[in-house]
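**Q** Dropping in data.tsv, with TSV, C-alpha atoms and all ligand atoms.
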```tsv
chain	number	residue	atom	x	y	z
A	1	MET	CA	98.14	-34.67	-69.35
A	2	SER	CA	101.16	-32.70	-68.18
A	3	SER	CA	99.52	-29.28	-68.19
A	4	PRO	CA	99.71	-27.42	-64.88
A	5	PHE	CA	96.26	-25.96	-65.51
A	6	SER	CA	93.19	-27.78	-64.37
A	7	LEU	CA	89.73	-27.45	-65.81
A	8	GLY	CA	86.78	-27.58	-63.47
A	9	HIS	CA	84.46	-29.48	-65.80
A	10	SER	CA	84.51	-32.57	-67.92
A	11	ARG	CA	83.55	-31.75	-71.51
A	12	ASP	CA	85.51	-33.37	-74.27
A	13	TYR	CA	88.09	-31.62	-76.35
A	14	THR	CA	88.16	-31.62	-80.12
A	15	ILE	CA	91.11	-33.08	-81.98
A	16	GLU	CA	92.27	-29.53	-82.76
A	17	THR	CA	92.49	-28.62	-79.10
A	18	ARG	CA	94.37	-31.77	-78.29
A	19	GLU	CA	96.78	-30.97	-81.08
A	20	LEU	CA	97.25	-27.47	-79.70
A	21	LEU	CA	98.10	-28.89	-76.33
A	22	GLY	CA	100.32	-31.59	-77.83
A	23	ASN	CA	103.06	-32.75	-75.53
A	24	LYS	CA	104.61	-29.32	-75.14
A	25	LYS	CA	104.70	-27.43	-71.92
A	26	VAL	CA	102.07	-24.72	-72.17
A	27	VAL	CA	103.67	-21.27	-72.39
A	28	LYS	CA	101.36	-18.84	-70.71
A	29	LYS	CA	100.54	-15.56	-72.44
A	30	LEU	CA	98.69	-12.68	-70.82
A	31	PHE	CA	96.19	-10.78	-72.99
A	32	THR	CA	95.06	-8.60	-70.13
A	33	PRO	CA	95.15	-5.00	-68.93
A	34	GLY	CA	97.76	-6.12	-66.38
A	35	PRO	CA	99.72	-7.72	-64.96
A	36	LEU	CA	101.38	-8.24	-68.30
A	37	GLY	CA	103.99	-10.62	-69.63
A	38	VAL	CA	107.57	-9.41	-69.91
A	39	SER	CA	110.63	-10.72	-71.76
A	40	VAL	CA	112.87	-13.39	-70.32
A	41	ALA	CA	115.79	-10.93	-70.31
A	42	THR	CA	113.77	-8.46	-68.21
A	43	LYS	CA	113.01	-11.20	-65.71
A	44	GLU	CA	116.68	-12.22	-65.70
A	45	ALA	CA	117.73	-8.68	-64.82
A	46	MET	CA	116.11	-9.31	-61.42
A	47	LEU	CA	118.39	-12.21	-60.53
A	48	GLN	CA	120.55	-10.05	-58.35
A	49	ASP	CA	120.33	-8.83	-54.79
A	50	ILE	CA	121.38	-5.24	-54.37
A	51	GLY	CA	121.48	-2.93	-51.38
A	52	SER	CA	119.38	0.21	-51.47
A	53	ARG	CA	122.38	2.36	-50.49
A	54	GLU	CA	124.78	0.92	-53.05
A	55	LYS	CA	125.95	3.41	-55.63
A	56	GLU	CA	125.06	0.97	-58.41
A	57	PHE	CA	121.48	1.01	-57.21
A	58	THR	CA	121.11	4.75	-56.62
A	59	ASP	CA	122.75	5.39	-60.01
A	60	THR	CA	120.24	3.06	-61.63
A	61	VAL	CA	117.33	4.89	-60.00
A	62	LYS	CA	118.75	8.22	-61.10
A	63	LEU	CA	119.14	6.94	-64.64
A	64	ILE	CA	115.59	5.57	-64.69
A	65	ARG	CA	114.23	8.94	-63.56
A	66	GLN	CA	116.17	10.67	-66.34
A	67	LEU	CA	115.18	8.09	-68.99
A	68	LEU	CA	111.51	8.61	-68.13
A	69	LEU	CA	111.87	12.36	-68.64
A	70	ASP	CA	113.60	11.68	-71.97
A	71	LEU	CA	110.81	9.34	-72.98
A	72	ALA	CA	108.25	12.01	-72.12
A	73	ASN	CA	110.37	14.49	-74.08
A	74	VAL	CA	110.47	17.02	-71.24
A	75	SER	CA	113.42	18.78	-69.60
A	76	PRO	CA	114.66	18.24	-66.03
A	77	GLU	CA	114.42	22.02	-65.51
A	78	GLU	CA	110.64	21.84	-65.93
A	79	PHE	CA	109.72	18.32	-64.86
A	80	THR	CA	110.79	15.65	-62.42
A	81	THR	CA	110.10	11.93	-62.07
A	82	VAL	CA	109.00	10.52	-58.73
A	83	ILE	CA	108.84	6.78	-58.18
A	84	LEU	CA	106.61	5.17	-55.57
A	85	GLN	CA	106.32	1.59	-54.32
A	86	GLY	CA	103.04	-0.09	-55.22
A	87	SER	CA	100.80	-0.51	-58.27
A	88	GLY	CA	99.44	2.33	-60.39
A	89	THR	CA	96.53	3.08	-58.07
A	90	TYR	CA	98.99	3.88	-55.27
A	91	MET	CA	100.50	6.63	-57.37
A	92	LEU	CA	97.07	7.97	-58.33
A	93	GLU	CA	96.24	8.18	-54.65
A	94	ALA	CA	99.57	9.87	-53.89
A	95	VAL	CA	99.31	12.45	-56.68
A	96	LEU	CA	95.69	13.29	-55.95
A	97	GLN	CA	96.31	14.09	-52.33
A	98	SER	CA	99.69	15.70	-52.88
A	99	ALA	CA	98.58	17.99	-55.71
A	100	THR	CA	95.35	19.09	-54.00
A	101	PRO	CA	95.68	21.87	-51.39
A	102	ARG	CA	94.35	21.02	-47.95
A	103	ASP	CA	92.12	24.03	-47.47
A	104	SER	CA	90.94	25.11	-50.91
A	105	GLY	CA	91.09	21.77	-52.71
A	106	GLN	CA	88.32	20.81	-55.11
A	107	VAL	CA	88.86	17.97	-57.57
A	108	LEU	CA	87.09	17.62	-60.91
A	109	VAL	CA	86.98	14.06	-62.25
A	110	LEU	CA	86.13	13.41	-65.89
A	111	VAL	CA	84.59	9.94	-65.95
A	112	ASN	CA	83.92	7.72	-68.94
A	113	GLY	CA	84.60	4.33	-67.44
A	114	ALA	CA	85.75	2.23	-64.51
A	115	TYR	CA	89.14	3.89	-64.07
A	116	GLY	CA	87.50	7.29	-63.86
A	117	LEU	CA	85.22	5.85	-61.17
A	118	ARG	CA	88.30	4.67	-59.30
A	119	ILE	CA	89.51	8.28	-59.10
A	120	GLU	CA	86.18	9.21	-57.49
A	121	LYS	CA	86.64	6.41	-54.99
A	122	ILE	CA	90.12	7.63	-54.08
A	123	CYS	CA	88.78	11.17	-53.50
A	124	GLU	CA	86.04	9.77	-51.31
A	125	ARG	CA	88.39	7.68	-49.18
A	126	VAL	CA	91.10	10.31	-48.87
A	127	GLY	CA	88.49	12.94	-48.09
A	128	LEU	CA	89.15	15.22	-51.05
A	129	PRO	CA	86.12	17.31	-52.03
A	130	TYR	CA	85.28	16.37	-55.61
A	131	GLU	CA	82.79	16.72	-58.36
A	132	SER	CA	82.60	14.59	-61.45
A	133	ILE	CA	81.31	14.99	-64.95
A	134	PRO	CA	80.11	11.70	-66.41
A	135	PHE	CA	80.33	10.75	-70.07
A	136	PRO	CA	78.87	7.55	-71.56
A	137	GLU	CA	80.92	4.39	-71.19
A	138	GLY	CA	82.55	3.44	-74.47
A	139	GLU	CA	82.60	7.05	-75.65
A	140	LYS	CA	85.23	9.74	-75.19
A	141	VAL	CA	85.27	12.60	-72.71
A	142	ASP	CA	83.86	15.16	-75.15
A	143	PRO	CA	85.82	18.44	-75.05
A	144	GLN	CA	82.95	20.48	-76.52
A	145	GLN	CA	80.52	19.26	-73.90
A	146	LEU	CA	83.12	19.81	-71.22
A	147	GLU	CA	83.61	23.39	-72.36
A	148	LEU	CA	79.86	24.06	-72.23
A	149	ILE	CA	79.71	22.74	-68.67
A	150	LEU	CA	82.82	24.54	-67.40
A	151	ARG	CA	81.78	27.84	-68.98
A	152	ASN	CA	78.76	27.96	-66.69
A	153	LYS	CA	80.43	26.73	-63.52
A	154	LYS	CA	81.02	29.09	-60.63
A	155	GLN	CA	83.07	26.45	-58.83
A	156	GLN	CA	86.86	26.81	-59.10
A	157	PHE	CA	88.78	23.55	-59.29
A	158	SER	CA	92.26	22.97	-57.89
A	159	THR	CA	92.74	19.65	-59.61
A	160	VAL	CA	91.36	18.10	-62.81
A	161	VAL	CA	91.79	14.40	-63.61
A	162	VAL	CA	91.26	12.48	-66.83
A	163	ILE	CA	92.19	8.97	-67.96
A	164	HIS	CA	94.23	8.83	-71.18
A	165	CYS	CA	93.37	5.28	-72.23
A	166	GLU	CA	90.24	4.12	-70.37
A	167	THR	CA	91.41	0.53	-70.14
A	168	SER	CA	87.92	-0.72	-69.30
A	169	THR	CA	86.73	0.03	-72.84
A	170	GLY	CA	89.89	0.85	-74.78
A	171	VAL	CA	88.72	4.42	-75.49
A	172	ILE	CA	91.46	7.06	-75.89
A	173	ASN	CA	90.47	10.42	-74.44
A	174	PRO	CA	91.53	13.63	-76.23
A	175	VAL	CA	93.96	14.72	-73.51
A	176	LYS	CA	95.23	17.72	-75.44
A	177	GLU	CA	91.83	19.25	-76.27
A	178	ILE	CA	90.73	18.68	-72.68
A	179	GLY	CA	93.98	20.22	-71.39
A	180	LEU	CA	93.42	23.42	-73.35
A	181	ILE	CA	89.92	23.75	-71.93
A	182	VAL	CA	91.18	23.09	-68.41
A	183	ARG	CA	93.77	25.86	-68.79
A	184	LYS	CA	91.17	28.27	-70.10
A	185	TYR	CA	88.49	27.71	-67.46
A	186	CYS	CA	90.54	26.46	-64.48
A	187	PRO	CA	93.82	28.29	-65.07
A	188	GLY	CA	95.47	27.47	-61.73
A	189	ALA	CA	94.35	23.84	-61.58
A	190	ALA	CA	96.73	20.89	-61.66
A	191	TYR	CA	95.94	18.86	-64.76
A	192	ILE	CA	96.46	15.18	-63.91
A	193	VAL	CA	96.50	12.51	-66.62
A	194	ASP	CA	96.24	8.83	-65.77
A	195	GLY	CA	98.48	7.52	-68.53
A	196	MET	CA	98.77	4.09	-66.96
A	197	SER	CA	98.00	2.05	-70.05
A	198	SER	CA	99.14	4.57	-72.67
A	199	PHE	CA	102.54	5.90	-71.59
A	200	GLY	CA	105.25	4.18	-73.59
A	201	ALA	CA	103.04	3.43	-76.59
A	202	ILE	CA	100.99	6.57	-77.28
A	203	PRO	CA	103.09	9.74	-77.51
A	204	LEU	CA	101.80	12.74	-75.60
A	205	ASP	CA	103.12	16.27	-75.90
A	206	PHE	CA	103.30	17.55	-72.32
A	207	GLN	CA	103.54	21.20	-73.38
A	208	ASP	CA	100.76	21.24	-75.99
A	209	SER	CA	98.53	19.15	-73.74
A	210	GLN	CA	99.14	21.28	-70.64
A	211	VAL	CA	99.84	18.16	-68.56
A	212	ASP	CA	101.07	18.83	-65.01
A	213	TYR	CA	101.14	15.24	-63.73
A	214	LEU	CA	101.38	12.10	-65.84
A	215	ILE	CA	101.02	8.84	-63.97
A	216	SER	CA	102.00	5.39	-65.15
A	217	SER	CA	103.41	2.17	-63.80
A	218	ALA	CA	106.21	-0.29	-64.42
A	219	ASN	CA	104.17	-3.15	-65.83
A	220	LYS	CA	102.04	-1.66	-68.60
A	221	CYS	CA	103.42	-0.40	-71.91
A	222	LEU	CA	106.96	-0.12	-70.54
A	223	GLU	CA	107.00	-3.88	-69.95
A	224	GLY	CA	108.79	-3.95	-66.60
A	225	VAL	CA	107.66	-6.23	-63.78
A	226	PRO	CA	104.99	-4.96	-61.36
A	227	GLY	CA	106.08	-3.36	-58.10
A	228	PHE	CA	106.14	0.40	-58.52
A	229	SER	CA	104.52	3.31	-60.27
A	230	PHE	CA	105.88	6.68	-61.31
A	231	CYS	CA	104.75	10.21	-61.94
A	232	ILE	CA	106.20	12.86	-64.21
A	233	ALA	CA	105.43	16.13	-62.45
A	234	ARG	CA	105.67	19.73	-63.60
A	235	LEU	CA	107.94	21.42	-61.05
A	236	GLU	CA	106.20	24.77	-61.27
A	237	HIS	CA	103.14	23.18	-59.70
A	238	PHE	CA	104.75	20.38	-57.74
A	239	ARG	CA	107.04	22.71	-55.78
A	240	LYS	CA	103.93	24.20	-54.18
A	241	CYS	CA	102.78	20.81	-52.91
A	242	LYS	CA	104.84	20.38	-49.76
A	243	GLY	CA	102.63	19.42	-46.84
A	244	ASN	CA	99.50	18.73	-48.89
A	245	ALA	CA	99.51	14.96	-48.45
A	246	ARG	CA	97.11	13.52	-45.90
A	247	SER	CA	99.22	10.44	-45.17
A	248	LEU	CA	102.86	9.49	-44.84
A	249	SER	CA	103.29	6.69	-47.38
A	250	PHE	CA	101.45	8.66	-50.04
A	251	ASP	CA	103.32	11.90	-49.46
A	252	LEU	CA	104.75	12.32	-52.93
A	253	TYR	CA	106.56	15.54	-52.11
A	254	ASP	CA	108.35	13.89	-49.20
A	255	GLN	CA	109.31	11.00	-51.49
A	256	PHE	CA	110.62	13.52	-54.04
A	257	GLU	CA	112.67	15.47	-51.49
A	258	GLU	CA	114.31	12.33	-50.17
A	259	MET	CA	115.13	11.13	-53.68
A	260	GLU	CA	116.60	14.49	-54.64
A	261	ARG	CA	118.62	14.81	-51.46
A	262	THR	CA	119.95	11.27	-51.04
A	263	GLY	CA	119.05	9.43	-54.23
A	264	GLN	CA	117.21	6.95	-52.04
A	265	PHE	CA	113.65	5.88	-51.29
A	266	ARG	CA	112.17	6.69	-47.89
A	267	PHE	CA	111.16	3.06	-47.30
A	268	THR	CA	112.34	-0.28	-48.75
A	269	PRO	CA	112.52	0.13	-52.51
A	270	PRO	CA	111.44	-2.63	-54.94
A	271	THR	CA	115.08	-3.20	-55.91
A	272	HIS	CA	114.53	-6.20	-58.17
A	273	ALA	CA	111.66	-4.52	-59.99
A	274	LEU	CA	113.80	-1.43	-60.57
A	275	LEU	CA	116.65	-3.51	-62.03
A	276	ALA	CA	114.15	-5.22	-64.32
A	277	PHE	CA	112.68	-1.86	-65.30
A	278	HIS	CA	116.06	-0.49	-66.26
A	279	HIS	CA	116.49	-3.43	-68.60
A	280	ALA	CA	112.96	-3.01	-69.92
A	281	LEU	CA	113.73	0.61	-70.82
A	282	MET	CA	116.82	-0.55	-72.73
A	283	GLU	CA	114.58	-2.96	-74.64
A	284	LEU	CA	112.25	-0.11	-75.48
A	285	VAL	CA	115.16	1.89	-76.89
A	286	GLU	CA	116.29	-1.15	-78.87
A	287	GLU	CA	112.81	-1.62	-80.28
A	288	GLY	CA	112.91	1.94	-81.61
A	289	GLY	CA	111.19	3.88	-78.85
A	290	MET	CA	107.60	4.77	-78.19
A	291	LYS	CA	106.51	4.98	-81.83
A	292	ALA	CA	107.89	1.54	-82.67
A	293	ARG	CA	106.26	0.03	-79.61
A	294	GLY	CA	102.99	1.69	-80.55
A	295	ARG	CA	103.29	0.15	-84.02
A	296	ARG	CA	103.76	-3.35	-82.58
A	297	TYR	CA	100.72	-2.97	-80.32
A	298	HIS	CA	98.78	-1.59	-83.26
A	299	ALA	CA	99.70	-4.59	-85.40
A	300	ASN	CA	98.74	-6.94	-82.54
A	301	CYS	CA	95.44	-5.14	-82.18
A	302	GLU	CA	94.54	-5.32	-85.87
A	303	ILE	CA	95.18	-9.06	-85.97
A	304	ILE	CA	92.97	-9.77	-82.98
A	305	ARG	CA	90.16	-7.47	-84.11
A	306	GLU	CA	90.11	-8.84	-87.65
A	307	GLY	CA	90.23	-12.43	-86.44
A	308	MET	CA	87.51	-11.89	-83.85
A	309	LYS	CA	85.35	-10.21	-86.47
A	310	LYS	CA	85.69	-13.29	-88.69
A	311	LEU	CA	84.50	-15.39	-85.76
A	312	GLY	CA	81.47	-13.07	-85.49
A	313	PHE	CA	82.44	-11.19	-82.31
A	314	LYS	CA	81.27	-7.61	-81.90
A	315	LYS	CA	83.25	-4.84	-80.24
A	316	LEU	CA	81.85	-2.48	-77.64
A	317	VAL	CA	83.31	0.61	-79.34
A	318	PRO	CA	82.24	0.97	-82.99
A	319	ASP	CA	85.09	0.55	-85.51
A	320	ALA	CA	84.82	3.94	-87.12
A	321	GLU	CA	85.18	6.01	-83.96
A	322	GLU	CA	88.30	8.14	-83.84
A	323	TYR	CA	88.61	7.53	-80.09
A	324	ASP	CA	88.82	3.76	-80.55
A	325	GLY	CA	92.30	2.95	-79.21
A	326	PHE	CA	94.68	0.06	-79.88
A	327	ILE	CA	95.73	-0.94	-76.37
A	328	ILE	CA	92.90	-3.30	-75.49
A	329	THR	CA	89.56	-4.34	-76.99
A	330	SER	CA	86.24	-4.83	-75.22
A	331	PHE	CA	84.11	-7.49	-76.94
A	332	LEU	CA	80.42	-8.11	-76.29
A	333	ASN	CA	79.58	-11.56	-74.93
A	334	PRO	CA	77.72	-13.57	-77.62
A	335	SER	CA	74.18	-14.73	-76.85
A	336	ASP	CA	74.70	-18.38	-77.90
A	337	PRO	CA	73.24	-20.44	-75.01
A	338	ASN	CA	76.41	-22.55	-74.94
A	339	PHE	CA	78.61	-19.50	-74.34
A	340	THR	CA	79.52	-18.46	-70.84
A	341	PHE	CA	82.51	-16.24	-70.24
A	342	ASP	CA	83.65	-18.32	-67.34
A	343	GLU	CA	83.93	-21.52	-69.38
A	344	PHE	CA	85.46	-19.65	-72.31
A	345	TYR	CA	88.04	-18.15	-69.95
A	346	GLN	CA	88.85	-21.44	-68.20
A	347	ARG	CA	89.27	-23.33	-71.46
A	348	LEU	CA	91.56	-20.64	-72.87
A	349	LEU	CA	93.53	-20.61	-69.64
A	350	PHE	CA	93.99	-24.36	-70.02
A	351	LEU	CA	95.69	-23.58	-73.33
A	352	GLY	CA	97.86	-20.97	-71.60
A	353	GLN	CA	95.92	-18.03	-73.03
A	354	VAL	CA	94.83	-15.56	-70.36
A	355	ILE	CA	92.09	-13.13	-71.37
A	356	TYR	CA	90.17	-10.82	-69.04
A	357	THR	CA	86.67	-10.11	-67.78
A	358	GLY	CA	84.84	-6.97	-68.79
A	359	LYS	CA	84.70	-3.84	-66.69
A	360	VAL	CA	81.67	-2.14	-68.17
A	361	THR	CA	78.54	-1.64	-66.10
A	362	GLN	CA	75.93	-1.43	-68.88
A	363	LYS	CA	76.79	-4.46	-71.01
A	364	ASP	CA	78.30	-7.94	-70.71
A	365	THR	CA	81.78	-7.76	-72.14
A	366	PHE	CA	85.17	-9.38	-71.97
A	367	ARG	CA	88.53	-7.94	-72.86
A	368	ILE	CA	91.55	-8.92	-74.91
A	369	GLY	CA	94.64	-6.80	-74.42
A	370	ASN	CA	97.55	-6.65	-76.80
A	371	ILE	CA	100.17	-4.83	-74.75
A	372	GLY	CA	103.11	-6.33	-72.86
A	373	HIS	CA	105.51	-8.83	-74.37
A	374	LEU	CA	103.16	-9.85	-77.18
A	375	TYR	CA	103.85	-10.15	-80.89
A	376	PRO	CA	101.69	-10.82	-83.97
A	377	GLU	CA	102.39	-14.57	-83.78
A	378	ASP	CA	100.98	-14.58	-80.23
A	379	MET	CA	97.79	-12.91	-81.44
A	380	ASN	CA	97.42	-15.44	-84.26
A	381	TYR	CA	97.96	-18.30	-81.85
A	382	LEU	CA	95.35	-16.89	-79.48
A	383	LEU	CA	92.86	-16.71	-82.38
A	384	ASN	CA	93.54	-20.39	-83.15
A	385	CYS	CA	92.88	-21.25	-79.54
A	386	ILE	CA	89.67	-19.20	-79.45
A	387	GLU	CA	88.30	-20.98	-82.51
A	388	CYS	CA	89.08	-24.39	-81.02
A	389	VAL	CA	87.57	-23.48	-77.68
A	390	LEU	CA	84.36	-22.24	-79.31
A	391	LYS	CA	84.08	-25.58	-81.14
A	392	ASP	CA	84.72	-27.45	-77.89
A	393	MET	CA	81.96	-25.45	-76.24
A	394	HIS	CA	79.58	-26.17	-79.16
A	395	VAL	CA	79.18	-22.47	-79.81
A	396	ALA	CA	78.18	-21.89	-83.45
A	397	ILE	CA	80.67	-19.91	-85.55
A	398	PRO	CA	80.19	-17.11	-86.46
A	399	VAL	CA	78.95	-16.37	-82.95
A	400	SER	CA	75.46	-14.90	-82.65
A	401	TYR	CA	74.04	-11.95	-80.72
B	1	LIG	C1	96.07	-0.47	-64.87
B	1	LIG	C2	95.44	0.84	-64.69
B	1	LIG	C3	95.44	1.52	-63.46
B	1	LIG	C4	96.13	1.01	-62.22
B	1	LIG	O1	95.82	-0.20	-61.83
B	1	LIG	P1	96.74	-0.97	-60.76
B	1	LIG	O2	96.04	-2.27	-60.67
B	1	LIG	O3	96.72	-0.22	-59.51
B	1	LIG	O4	98.11	-1.06	-61.35
B	1	LIG	C5	94.88	2.76	-63.39
B	1	LIG	N1	94.35	3.35	-64.46
B	1	LIG	C6	94.35	2.76	-65.67
B	1	LIG	C7	93.77	3.49	-66.82
B	1	LIG	C8	94.88	1.49	-65.83
B	1	LIG	O5	94.88	0.89	-67.03
```
Could you rewrite the structure in this file as C-alpha cells?

**A**
Amino acid sequence: MSSPFSLGHSRDYTIETRELLGNKKVVKKLFTPGPLGVSVATKEAMLQDIGSREKEFTDTVKLIRQLLLDLANVSPEEFTTVILQGSGTYMLEAVLQSATPRDSGQVLVLVNGAYGLRIEKICERVGLPYESIPFPEGEKVDPQQLELILRNKKQQFSTVVVIHCETSTGVINPVKEIGLIVRKYCPGAAYIVDGMSSFGAIPLDFQDSQVDYLISSANKCLEGVPGFSFCIARLEHFRKCKGNARSLSFDLYDQFEEMERTGQFRFTPPTHALLAFHHALMELVEEGGMKARGRRYHANCEIIREGMKKLGFKKLVPDAEEYDGFIITSFLNPSDPNFTFDEFYQRLLFLGQVIYTGKVTQKDTFRIGNIGHLYPEDMNYLLNCIECVLKDMHVAIPVSY
C-alpha cells in the first residue's frame, strides 16, 4: 500500500475502506482546532524569500495591519493592530502582561473551559495577581450570574478576560453582554477577548461589545499558515501601557512602537507566514468576507452534526442551546467496548482524516472542527470515512452510550 500513514495494529479493513483508499495518494484534511489546512495558493504565496527591510515587505505588513482593522470594522484613529511572532498563546501572554499595570494590576478571568484555564496559567507564570469566576464546562459564561457576583465585589479589576469561542467545547460566549457588565462594574478595566477561533467567521461589534483587546492568530478562521498572532487594541487604553510588560519578547507596546516608527518587527519576522497571510486575506475578501466565511463554516458544521447524529453520536453541548457555536463540535465517546478513541483516530488518520482529542475534564470527548480550508464535500467525505472505520472496528451503528 502506497499510503504514507502507518497503522500500529493489524485488524482487517472492510471492502469499503479499501475502496476509499484505492490507489490514490491520500490527501490529508485537518478537522481540528488548529493547526488548520490552508489553500494551495496560500501556501504558494510563501515561495519567496524577502528581506525584512525591503519596502515590499514593510508595505505588506502595513497593509495587513490595515486590513485587519477593516475586517474588525474599526478606525485607525481608535484602534491599532500589533503583530507578534508565535502562536496565539504568545499573544495572550503579551497582551495580559502589557495591559495589566505593574503595581495595581488585578486580572479577572471568566472560565468555562480549557482555554479559560490557560489564561489562569499565564497569569500564574507571569506573576499577575488574578481571580477567576468558573462556569460549567459546555455552558456559557452567564452574564446574569456574572453581574450578581460583580455587584457584590469590593475588588477592583484592571483587566477582564473572556474567551469568545471556547474551542474545547465549541461554546460561544456572549461577549457583548459580558462587555456591558464589565464596563458597568469595572469601568477602567481593559476588556480582553480571546477571539482566536472566532475572528474572521463570527462578526463582533467592537464598540457595542466594549472590546479593548481582541486577540487572534494567523492559522484559525483567517486561514493563513501558523507563525504569528495579532491583537487589535483600543488606543485609548493601549497608549497607557508603556512599560507594563514583564519581559522583553512579550512587550507588546515596544513591538507596537517599533512597528509604528520603522514599519519593522523588533526581531526576525515570520516573513513567509506574513506573505501567505496577505494572500489568505485576499481569499477572504474574494469569498465575500466574514459573513460568507461564517456561512461556509456553518454549512460544514451542519453536515457533520447531522451525519454524526445519524451514526448515533451525541454532542457535549445540547442542540437547542443558543450558545452552541459552529466552529467545532465536541462529541461524547460511545460506550461500545470496541470503541477506543485512539484506534478511531489512527484509522481515520490512515485515511487522511485528522480529527482531535477532547479537552474537557468532566467527560470523555473528541472533537471535529470545521474551520480552515474545508468545504461541504470534505465533511461528507469525512462522514463516509467515519462510517467505514466504525465498521472496521466492529462498533455497532448507531453507536451506543
Ligand atoms: C487555538 C486557540 C488558542 C491558541 O492556541 P495556540 O496553540 O497558542 O495557537 C487560544 N485560545 C483559543 C480559544 C483557541 O482556540

**Q** Within 8 Å of Arg246 (chain A), counting all atoms listed in the file, which residues qualify if same-chain residues fewer than 3 places away don't, as a CSV table (one decimal) with C-alpha atoms, keeping the file's coordinate frame?

**A**
```
chain,number,residue,atom,x,y,z
A,97,GLN,CA,96.3,14.1,-52.3
A,98,SER,CA,99.7,15.7,-52.9
A,126,VAL,CA,91.1,10.3,-48.9
A,250,PHE,CA,101.4,8.7,-50.0
A,251,ASP,CA,103.3,11.9,-49.5
```

**Q** State, in Å with one decimal place, the distance from CA of Ile119 (chain A) to CA of Leu92 (chain A).

**A**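 Between these atoms lies a distance of 7.6 Å.
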
**Q** Counting only C-alpha atoms, which of A:Glu387, A:Glu260, A:Glu343, A:Glu223 gets nearest to Asn370 (chain A)?

**A**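 Looking only at the distances to Asn370 (chain A), the closest residue turns out to be A:Glu223.
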
**Q** Once you count only C-alpha atoms, which residues end up no further than 10 Å from (93.6, 3.0, -75.3) in the file's frame, shown as a list in words?

**A**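 Collected hits near the coordinates: Ile163, His164, Cys165, Glu166, Thr167, Ser168, Thr169, Gly170, Val171, Ile172, Asn173, Gly195, Met196, Ser197, Ser198, Ala201, Ile202, Tyr323, Asp324, Gly325, Phe326, Ile327, Ile328, Thr329 and Gly369 of chain A.
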
**Q** Choose the residue, out of A:Val61, A:Ile397, A:Pro35, A:Gly307, that has the smallest atom-to-atom separation from Asn384 (chain A); count only C-alpha atoms.

**A**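 Residue with the minimum atom-to-atom distance to Asn384 (chain A): A:Gly307.
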
**Q** Figure out the distance between CA of Pro226 (chain A) and CA of Phe344 (chain A), please, to one decimal in Å.

**A**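 So the two atoms, CA of Phe344 (chain A) and CA of Pro226 (chain A), lie 26.8 Å apart.
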
**Q** Work out where the centre of an axis-aligned box around every listed atom of region 107-116 of chain A lies and how long its edges are once 4 Å is added on each side; give both in Å to one decimal as JSON.

**A**
```
{"center_x": 86.5, "center_y": 10.1, "center_z": -63.3, "size_x": 13.2, "size_y": 23.7, "size_z": 19.4}
```

**Q** Rank A:Tyr115, A:Phe228, A:Tyr213, A:Phe135 by their smallest atom-to-atom distance to ligand LIG 1 (chain B), using only C-alpha atoms and all ligand atoms, and report the top residue only.

**A**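 Closest to ligand LIG 1 (chain B) of all the choices is A:Tyr115.
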
**Q** By how many Å are CA of Phe199 (chain A) and CA of Pro143 (chain A) apart?

**A**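 Spanning CA of Phe199 (chain A) to CA of Pro143 (chain A) is a straight-line distance of 21.2 Å.
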
**Q** Got a sec: who's within 9 Å of Asp59 (chain A), counting only C-alpha atoms, leaving out chain neighbours fewer than 5 positions off, as a list in words?

**A**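 Within the cut-off, the hits are Glu54, Ile64 and Gly263 of chain A.
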
**Q** Considering only C-alpha atoms, state which residue in the set A:Val225, A:Ile50, A:Leu68, A:Val95 is at the smallest distance from His373 (chain A).

**A** A:Val225

**Q** Nearest residue to Leu30 (chain A) out of A:Leu390, A:Val354, A:Ala396, A:Leu252, using only C-alpha atoms?

**A**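 Smallest separation from Leu30 (chain A) among the options: A:Val354.
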
**Q** Between A:Leu382, A:Leu71, A:Val107, A:Leu274, which residue has the minimum interatomic distance to Lys43 (chain A), considering only C-alpha atoms?

**A**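 Of the candidates, the smallest distance to Lys43 (chain A) is held by A:Leu274.
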
**Q** What's around Leu69 (chain A) at 9 Å? Count all atoms listed in the file, leave out sequence neighbours fewer than 4 positions away in its own chain, and write the answer as a ChimeraX atom specification.

**A** /A:64-65,73-76,79-81,232

**Q** Find the nearest atom pair between each residue of region 110-222 of chain A and region 284-287 of chain A for residues within 10 Å, count only C-alpha atoms, give distances in Å to one decimal, sort rows by chain and ascending number, and present the table as JSON lines.

**A**
```
{"residue": "A:Gly200", "atom": "CA", "partner": "A:Leu284", "partner_atom": "CA", "distance": 8.4}
{"residue": "A:Ala201", "atom": "CA", "partner": "A:Leu284", "partner_atom": "CA", "distance": 9.9}
{"residue": "A:Cys221", "atom": "CA", "partner": "A:Leu284", "partner_atom": "CA", "distance": 9.5}
{"residue": "A:Leu222", "atom": "CA", "partner": "A:Leu284", "partner_atom": "CA", "distance": 7.2}
```

**Q** Using only C-alpha atoms, which residues sit within 9 Å of Gln106 (chain A) once same-chain residues fewer than 5 positions away are excluded, as a PyMOL selection string?

**A** chain A and resi 100-101+128-131+155-160

**Q** Once you count all atoms listed in the file, which residues end up no further than 9 Å from (89.9, -18.7, -77.6) in the file's frame, shown as a tab-separated table (two decimals) with C-alpha atoms, in the coordinates of the input?

**A**
```
chain	number	residue	atom	x	y	z
A	344	PHE	CA	85.46	-19.65	-72.31
A	345	TYR	CA	88.04	-18.15	-69.95
A	347	ARG	CA	89.27	-23.33	-71.46
A	348	LEU	CA	91.56	-20.64	-72.87
A	349	LEU	CA	93.53	-20.61	-69.64
A	351	LEU	CA	95.69	-23.58	-73.33
A	353	GLN	CA	95.92	-18.03	-73.03
A	355	ILE	CA	92.09	-13.13	-71.37
A	382	LEU	CA	95.35	-16.89	-79.48
A	383	LEU	CA	92.86	-16.71	-82.38
A	384	ASN	CA	93.54	-20.39	-83.15
A	385	CYS	CA	92.88	-21.25	-79.54
A	386	ILE	CA	89.67	-19.20	-79.45
A	387	GLU	CA	88.30	-20.98	-82.51
A	388	CYS	CA	89.08	-24.39	-81.02
A	389	VAL	CA	87.57	-23.48	-77.68
A	390	LEU	CA	84.36	-22.24	-79.31
```
